[in-house]
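Enquirer: Have a look at this one.
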Amino acid sequence: MCNRAAILKRASHAARCGWRILGLCAAATAAAVAVTVAAATETAADAPVDAQQVLAASDAIRNPSRSFALTTTLIEYHKGRETDTSTLQIYAKADGASGQYRNLIRFAAPSRDVNKLMLKNGNDLWFYDPSSQASVRISPRQRLLGQAANGDVVTVNLARDYRAQLVGEEDIDVGDGMPRRCRELALAAVSADVTYNHIEIWIDAVSSHPAKAKFYAESGQLLKTAYYRRYQRELDADRPTETVIIDGLDRQWVTIMRYSDYAWRDVPESWLQRDYLPRFKPE
Amino acid sequence: MRVCIVALWFLVCGMARAEDDAAALALPGADAAANASPGSASLLAEGALTRAAVRTGGEADAQRVSVDVSEDARVAPNWRLVFGDRLDVDWAGTATSGQAINTLKQAYASWQPRTDVLLDAGRINARQGVAFGYNPTDFFRADALRAVDSLDPNSLRDERLGTVMLRGVGLWDGGALAAAVAPRLADQPRAASFDLDLGATNPRARWLLTLTQRITADLSPQWLLFSTGSQPPQVGLNVTSLVGSSIVAFVETSAGRAPTLWAQALGLDGAESLHACAATGLTYSAANKLSLTLEYEYDGAALDRGAWAAARDGSSQAYGRYREFVLDQQELPTQRAAFVYASWQDGLARHLDLDGFVRVDLIDHSLLPWVELRYRWPQLDAAVRWQDYIGGRTTDFGAATTRQTWQLLLDYYL
């Protein structure tokens, strides 16, 4: 357990206080499940792996290898009741220089938001409203999608932005009653301009499928928990078709993101320009 | 003992979280893309009831029905037709016959022979600028408003006329160059209900060049060069930059030789001199969906403190003409102003948005507060708006004929 806490602490020096609380919590919880955790730690020690490679393999599961498009439907729940739905068409293309994805997102529903656009090129984010023909630069923190952060809907290569360390192994159930043996990684941001300061992620030890992730602010505050599930064959690989996001501040807020219409799609450079936003026409 | 209690507390918390997660993972979801729209056409129908306190006493009631339609249709592999129109019908008091004003916002054809080359021809709403309350580089904004339904800057941009022009755009990785030429098509604005109002948008020949080039990952300035033909060219610049993860800073500025707004309004033979205009500020986004914009505005061609005082004390006819002119041109009547805008989505309750702004004339200290509370259903909005013109009788905002105004609105989206 001490080793686990030490790794987590190293993962984010800036979040020292938050981790201290988490460490206490983990210690108390461990008192009840000590045998399981100890076994997981031993297993990790017996089979050392390159955590960064594990993370990169997981990225490859979430992110197709070349430009693609998909439809994302967000369904929001509060206290178990559906409160909102929205549908987005997402076009993603990897940047040759940084390896990070650039995204063009078109709002397809509800009616009041149809054809609004968001362009994300690193931290250069623009929001376009077709009614006013206005492109407005927005900050990464600005929310456009109800409870979901902009960063939740775009394609992100975590291995590019975070340094990973192996914490242990744990069985994760994503709601289908079939727990999977997962490697737990602690991710620390390598730069300050990312959405989350640090992340815990659980990745299937056999398939490299991401199963669960917990996203934290610099203060150590848990911002959200995500479960990746319903894997299906899409674009030459088994990929998650659903993510369940539980709000960290109010766990009664839940957003289910469903992915459909995966397709290889050439995304021209011109689409990823702010000046092209007024001229974009979905196909 | 204390350690045991703490351990037990964390254990209970952990179990509660596990239960929350299990409940979340049992939620049903919905059929993906069930509500997705193909995104070609849209329609907004709006009804409004207005009650205003008249400055000279009494109250004035008005009703309005508006229909706003837009269509963006691909008619051939490389061809699109874009159309946008708004019809406002106003009834003042209890009159039975309404006054209709139609605004043809856009109607143009677009040809895209390559992914990085576009040619557009027709009436185009070519909007420029990164500021919120005042856009000195939005060169085609003059006389573009036929009907003003709301003083919200977003609505003013939504509801304006486009300019008839031919526009070409070339794009490359990290930049774009656009050239637009707008011919002279008529002399004067016309108020007839369904007039195309080409005199408002194309009273003289004009052209605009815009160049955007990414310099760093965070910096993509846009340069503009604008000419009306008869006057020296104006140059413009739009720059934005990220400050941390929650603040966007922006600067929008233009400069060029021109007569003062006073000389233009009154048709005087004023000498041209160099004037600069600018709007600069910050937008802060909080984690709770609150966005706050602070903007400082400067219009070098407008009246300074002394000239504004003289205008207020001078000929009421000249003063009235000047006010009407700067309103039509969407310029500032005095040289310095401030603009504060707050937008709080789901601010007071889920689906209940609170938006508001305050315009402050920093020369005569009159101000205009505006607040809107809006509740959103899937295809219907209900909103209540309030605004107040505050200031002395001939100040920037105090000269309005009304004081407080309340408005109830229903918006239906199709």
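Just remember, in the structure tokens the first chain shown is A, the second B, etc., residues are 1-based per chain, and ligands are 1-based in the order shown.
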Please check the contacts: residues of chain A at most 6 Å away from chain B, using only C-alpha atoms, listed as an mmCIF file with N, CA and C atoms, in the first residue's frame.
Expert:
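In the end it all went to part-v8.cif:
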```
data_model
loop_
_atom_site.group_PDB
_atom_site.id
_atom_site.type_symbol
_atom_site.label_atom_id
_atom_site.label_comp_id
_atom_site.auth_asym_id
_atom_site.auth_seq_id
_atom_site.Cartn_x
_atom_site.Cartn_y
_atom_site.Cartn_z
ATOM 1 N N CYS A 25 -8.078 7.849 2.343
ATOM 2 C CA CYS A 25 -9.253 7.105 1.881
ATOM 3 C C CYS A 25 -8.840 5.712 1.419
ATOM 4 N N ALA A 28 -7.981 3.488 4.341
ATOM 5 C CA ALA A 28 -9.139 2.980 5.062
ATOM 6 C C ALA A 28 -9.841 1.892 4.262
ATOM 7 N N THR A 29 -9.976 2.158 2.980
ATOM 8 C CA THR A 29 -10.628 1.159 2.138
ATOM 9 C C THR A 29 -9.811 -0.119 2.091
ATOM 10 N N THR A 73 -23.615 10.777 -29.277
ATOM 11 C CA THR A 73 -24.855 11.218 -28.655
ATOM 12 C C THR A 73 -24.653 11.282 -27.151
ATOM 13 N N THR A 87 -26.579 15.743 -29.864
ATOM 14 C CA THR A 87 -25.885 14.876 -30.812
ATOM 15 C C THR A 87 -24.825 15.684 -31.550
ATOM 16 N N ALA A 108 -25.508 18.513 -34.074
ATOM 17 C CA ALA A 108 -26.582 18.010 -34.940
ATOM 18 C C ALA A 108 -27.935 18.011 -34.240
ATOM 19 N N ALA A 109 -27.963 18.132 -32.949
ATOM 20 C CA ALA A 109 -29.205 18.221 -32.178
ATOM 21 C C ALA A 109 -28.821 18.739 -30.785
ATOM 22 N N SER A 111 -32.476 21.178 -31.845
ATOM 23 C CA SER A 111 -32.740 22.068 -32.974
ATOM 24 C C SER A 111 -32.081 23.429 -32.815
ATOM 25 N N ARG A 112 -32.106 23.985 -31.610
ATOM 26 C CA ARG A 112 -31.575 25.342 -31.426
ATOM 27 C C ARG A 112 -30.074 25.405 -31.662
ATOM 28 N N SER A 131 -26.031 31.460 -36.966
ATOM 29 C CA SER A 131 -27.029 32.524 -37.047
ATOM 30 C C SER A 131 -26.374 33.897 -37.039
ATOM 31 N N SER A 132 -25.335 34.067 -36.256
ATOM 32 C CA SER A 132 -24.662 35.371 -36.207
ATOM 33 C C SER A 132 -23.407 35.402 -37.065
ATOM 34 N N SER A 139 -12.186 29.462 -24.064
ATOM 35 C CA SER A 139 -11.124 28.852 -23.273
ATOM 36 C C SER A 139 -11.414 27.362 -23.098
ATOM 37 N N PRO A 140 -10.378 26.570 -22.811
ATOM 38 C CA PRO A 140 -10.612 25.134 -22.614
ATOM 39 C C PRO A 140 -11.609 24.851 -21.502
ATOM 40 N N ARG A 141 -11.738 25.776 -20.558
ATOM 41 C CA ARG A 141 -12.639 25.516 -19.440
ATOM 42 C C ARG A 141 -14.108 25.756 -19.804
ATOM 43 N N GLN A 142 -14.357 26.556 -20.817
ATOM 44 C CA GLN A 142 -15.747 26.903 -21.138
ATOM 45 C C GLN A 142 -16.528 25.667 -21.555
ATOM 46 N N ARG A 143 -17.715 25.523 -20.982
ATOM 47 C CA ARG A 143 -18.539 24.355 -21.274
ATOM 48 C C ARG A 143 -19.605 24.711 -22.295
ATOM 49 N N GLY A 175 -20.274 -2.707 -15.542
ATOM 50 C CA GLY A 175 -21.719 -2.763 -15.497
ATOM 51 C C GLY A 175 -22.313 -3.970 -16.179
ATOM 52 N N ARG A 258 -22.659 7.941 -26.355
ATOM 53 C CA ARG A 258 -22.728 6.779 -27.247
ATOM 54 C C ARG A 258 -22.146 7.147 -28.598
ATOM 55 N N GLU A 269 -7.131 19.844 -44.451
ATOM 56 C CA GLU A 269 -6.537 20.862 -43.577
ATOM 57 C C GLU A 269 -7.427 22.098 -43.504
ATOM 58 N N SER A 270 -8.085 22.400 -44.631
ATOM 59 C CA SER A 270 -8.891 23.629 -44.663
ATOM 60 C C SER A 270 -10.019 23.580 -43.638
#
```
Enquirer: Give me the residues within 8 Å of Arg190 in chain B as a VMD selection string, counting only C-alpha atoms and dropping any in the same chain fewer than 2 places off.
Expert: chain B and resid 188 192 195 197 199 to 200
Enquirer: List the spatial neighbours of range 225-242 of chain A as a PyMOL selection string - criterion: any atom at most 6 Å away, only C-alpha atoms, same-chain residues fewer than 4 positions off excluded.
Expert: chain A and resi 61-62+211-214+246+257-259
Enquirer: Could you list, as a VMD selection string, every residue within 7 Å of range 97-104 of chain B, counting only C-alpha atoms and ignoring same-chain residues fewer than 6 positions away?
Expert: chain B and resid 84 to 91 146 to 147 161 193 to 194 196
Enquirer: Between CA of Asp138 in chain B and CA of Ala276 in chain B, what is the spacing in Å?
Expert: 14.0 Å
Enquirer: If you run DSSP on this backbone, which residues of range 178-232 of chain B come out as strand (DSSP E or B), and could you give them as JSON, numbers by chain?
Expert: {"B": [178, 179, 180, 181, 182, 206, 207, 208, 209, 210, 211, 212, 213, 222, 223, 224, 225, 226, 227]}
Enquirer: Could you list, with a cut-off of 12 Å and counting only C-alpha atoms, the residues of range 32-119 of chain B near range 384-389 of chain B, each shown with its nearest atom pair and the distance in Å rounded to one decimal, rows sorted by chain and ascending number, as a Markdown table?
Expert:
```
| residue | atom | partner | partner_atom | distance |
| --- | --- | --- | --- | --- |
| B:Gly47 | CA | B:Val384 | CA | 11.8 |
| B:Ala48 | CA | B:Val384 | CA | 9.5 |
| B:Leu49 | CA | B:Val384 | CA | 9.6 |
| B:Thr50 | CA | B:Arg385 | CA | 9.2 |
| B:Arg51 | CA | B:Trp386 | CA | 9.9 |
| B:Ala52 | CA | B:Gln387 | CA | 9.3 |
| B:Ala53 | CA | B:Asp388 | CA | 9.3 |
| B:Val54 | CA | B:Tyr389 | CA | 10.7 |
| B:Arg55 | CA | B:Tyr389 | CA | 9.6 |
```
Enquirer: Leaving out Lys93 in chain A and any residue of its chain fewer than 2 positions from it, which residues lie within 10 Å of it when counting only C-alpha atoms, given as a list of chain:residue names?
Expert: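 Neighbouring residues, sequence-local ones excluded: A:Pro64, A:Ser65, A:Arg66, A:Ser67, A:Phe68, A:Ala69, A:Tyr91, A:Asp95, A:Gly96, A:Gly99, A:Gln100, A:Tyr101, A:Arg102, A:Asn103, A:Leu104, A:Asn121, A:Thr155, A:Arg265, A:Asp266, A:Val267, A:Pro268, A:Glu269, A:Leu272.
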Enquirer: Would you output that residue set with N, CA and C atoms, as a PDB file, in the first residue's frame?
Expert:
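To be explicit, this is the file written out as part07.pdb:
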```
ATOM      1  N   PRO A  64      -8.732   5.767 -33.655  1.00  0.00           N
ATOM      2  CA  PRO A  64      -8.296   5.147 -34.910  1.00  0.00           C
ATOM      3  C   PRO A  64      -6.990   5.768 -35.414  1.00  0.00           C
ATOM      4  N   SER A  65      -6.324   5.027 -36.274  1.00  0.00           N
ATOM      5  CA  SER A  65      -4.956   5.395 -36.635  1.00  0.00           C
ATOM      6  C   SER A  65      -4.873   6.540 -37.639  1.00  0.00           C
ATOM      7  N   ARG A  66      -5.958   6.829 -38.348  1.00  0.00           N
ATOM      8  CA  ARG A  66      -5.906   7.950 -39.283  1.00  0.00           C
ATOM      9  C   ARG A  66      -7.215   8.741 -39.198  1.00  0.00           C
ATOM     10  N   SER A  67      -7.359   9.757 -40.030  1.00  0.00           N
ATOM     11  CA  SER A  67      -8.505  10.657 -39.928  1.00  0.00           C
ATOM     12  C   SER A  67      -9.809   9.877 -39.972  1.00  0.00           C
ATOM     13  N   PHE A  68     -10.742  10.288 -39.140  1.00  0.00           N
ATOM     14  CA  PHE A  68     -12.010   9.559 -39.076  1.00  0.00           C
ATOM     15  C   PHE A  68     -13.123  10.501 -38.634  1.00  0.00           C
ATOM     16  N   ALA A  69     -14.342   9.975 -38.724  1.00  0.00           N
ATOM     17  CA  ALA A  69     -15.521  10.713 -38.268  1.00  0.00           C
ATOM     18  C   ALA A  69     -16.402   9.762 -37.477  1.00  0.00           C
ATOM     19  N   TYR A  91     -15.233  15.155 -36.373  1.00  0.00           N
ATOM     20  CA  TYR A  91     -14.199  14.851 -37.367  1.00  0.00           C
ATOM     21  C   TYR A  91     -12.853  15.037 -36.673  1.00  0.00           C
ATOM     22  N   ASP A  95      -2.433  15.652 -35.761  1.00  0.00           N
ATOM     23  CA  ASP A  95      -1.497  16.668 -36.207  1.00  0.00           C
ATOM     24  C   ASP A  95      -0.137  16.022 -36.431  1.00  0.00           C
ATOM     25  N   GLY A  96       0.430  16.246 -37.609  1.00  0.00           N
ATOM     26  CA  GLY A  96       1.686  15.597 -37.947  1.00  0.00           C
ATOM     27  C   GLY A  96       2.810  15.952 -37.003  1.00  0.00           C
ATOM     28  N   GLY A  99       1.333  15.028 -32.971  1.00  0.00           N
ATOM     29  CA  GLY A  99       0.718  13.722 -32.753  1.00  0.00           C
ATOM     30  C   GLY A  99      -0.619  13.819 -32.061  1.00  0.00           C
ATOM     31  N   GLN A 100      -0.967  15.008 -31.602  1.00  0.00           N
ATOM     32  CA  GLN A 100      -2.251  15.185 -30.935  1.00  0.00           C
ATOM     33  C   GLN A 100      -3.349  15.393 -31.974  1.00  0.00           C
ATOM     34  N   TYR A 101      -4.585  15.086 -31.602  1.00  0.00           N
ATOM     35  CA  TYR A 101      -5.682  15.186 -32.552  1.00  0.00           C
ATOM     36  C   TYR A 101      -6.238  16.602 -32.621  1.00  0.00           C
ATOM     37  N   ARG A 102      -6.616  16.988 -33.837  1.00  0.00           N
ATOM     38  CA  ARG A 102      -7.396  18.207 -34.034  1.00  0.00           C
ATOM     39  C   ARG A 102      -8.819  17.771 -34.359  1.00  0.00           C
ATOM     40  N   ASN A 103      -9.788  18.494 -33.832  1.00  0.00           N
ATOM     41  CA  ASN A 103     -11.180  18.070 -33.946  1.00  0.00           C
ATOM     42  C   ASN A 103     -12.066  19.193 -34.465  1.00  0.00           C
ATOM     43  N   LEU A 104     -12.961  18.843 -35.358  1.00  0.00           N
ATOM     44  CA  LEU A 104     -14.039  19.742 -35.766  1.00  0.00           C
ATOM     45  C   LEU A 104     -15.341  19.068 -35.347  1.00  0.00           C
ATOM     46  N   ASN A 121      -7.930  22.879 -31.799  1.00  0.00           N
ATOM     47  CA  ASN A 121      -6.586  22.640 -32.297  1.00  0.00           C
ATOM     48  C   ASN A 121      -5.638  22.890 -31.131  1.00  0.00           C
ATOM     49  N   THR A 155     -11.100  13.861 -29.467  1.00  0.00           N
ATOM     50  CA  THR A 155     -10.154  12.752 -29.471  1.00  0.00           C
ATOM     51  C   THR A 155      -8.829  13.218 -28.880  1.00  0.00           C
ATOM     52  N   ARG A 265     -12.491   8.956 -42.666  1.00  0.00           N
ATOM     53  CA  ARG A 265     -12.933  10.185 -43.320  1.00  0.00           C
ATOM     54  C   ARG A 265     -11.730  11.098 -43.518  1.00  0.00           C
ATOM     55  N   ASP A 266     -11.476  11.436 -44.760  1.00  0.00           N
ATOM     56  CA  ASP A 266     -10.424  12.410 -45.016  1.00  0.00           C
ATOM     57  C   ASP A 266     -10.877  13.765 -44.468  1.00  0.00           C
ATOM     58  N   VAL A 267     -10.076  14.340 -43.620  1.00  0.00           N
ATOM     59  CA  VAL A 267     -10.402  15.657 -43.054  1.00  0.00           C
ATOM     60  C   VAL A 267      -9.410  16.659 -43.625  1.00  0.00           C
ATOM     61  N   PRO A 268      -9.829  17.443 -44.609  1.00  0.00           N
ATOM     62  CA  PRO A 268      -8.886  18.386 -45.228  1.00  0.00           C
ATOM     63  C   PRO A 268      -8.356  19.403 -44.220  1.00  0.00           C
ATOM     64  N   GLU A 269      -7.131  19.844 -44.451  1.00  0.00           N
ATOM     65  CA  GLU A 269      -6.537  20.862 -43.577  1.00  0.00           C
ATOM     66  C   GLU A 269      -7.427  22.098 -43.504  1.00  0.00           C
ATOM     67  N   LEU A 272      -9.903  22.622 -40.721  1.00  0.00           N
ATOM     68  CA  LEU A 272      -9.395  22.862 -39.377  1.00  0.00           C
ATOM     69  C   LEU A 272      -8.885  24.285 -39.213  1.00  0.00           C
TER      70      LEU A 272
END
```
Enquirer: Compile the contact shell of Asp129 in chain A as a list in words: residues with an atom at most 9 Å away, counting only C-alpha atoms, same-chain residues fewer than 6 positions apart removed.
Expert: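 Everything that qualifies: Asp113, Asn115, Lys116, Leu117, Ser135, Val136 and Pro278 of chain A.
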Enquirer: In terms of the shortest atom-to-atom distance over only C-alpha atoms, which of A:Leu277, A:Val167, A:Ile245, A:Ala149 is closest to Leu119 in chain A?
Expert: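 For Leu119 in chain A, the nearest of the given residues is A:Leu277.
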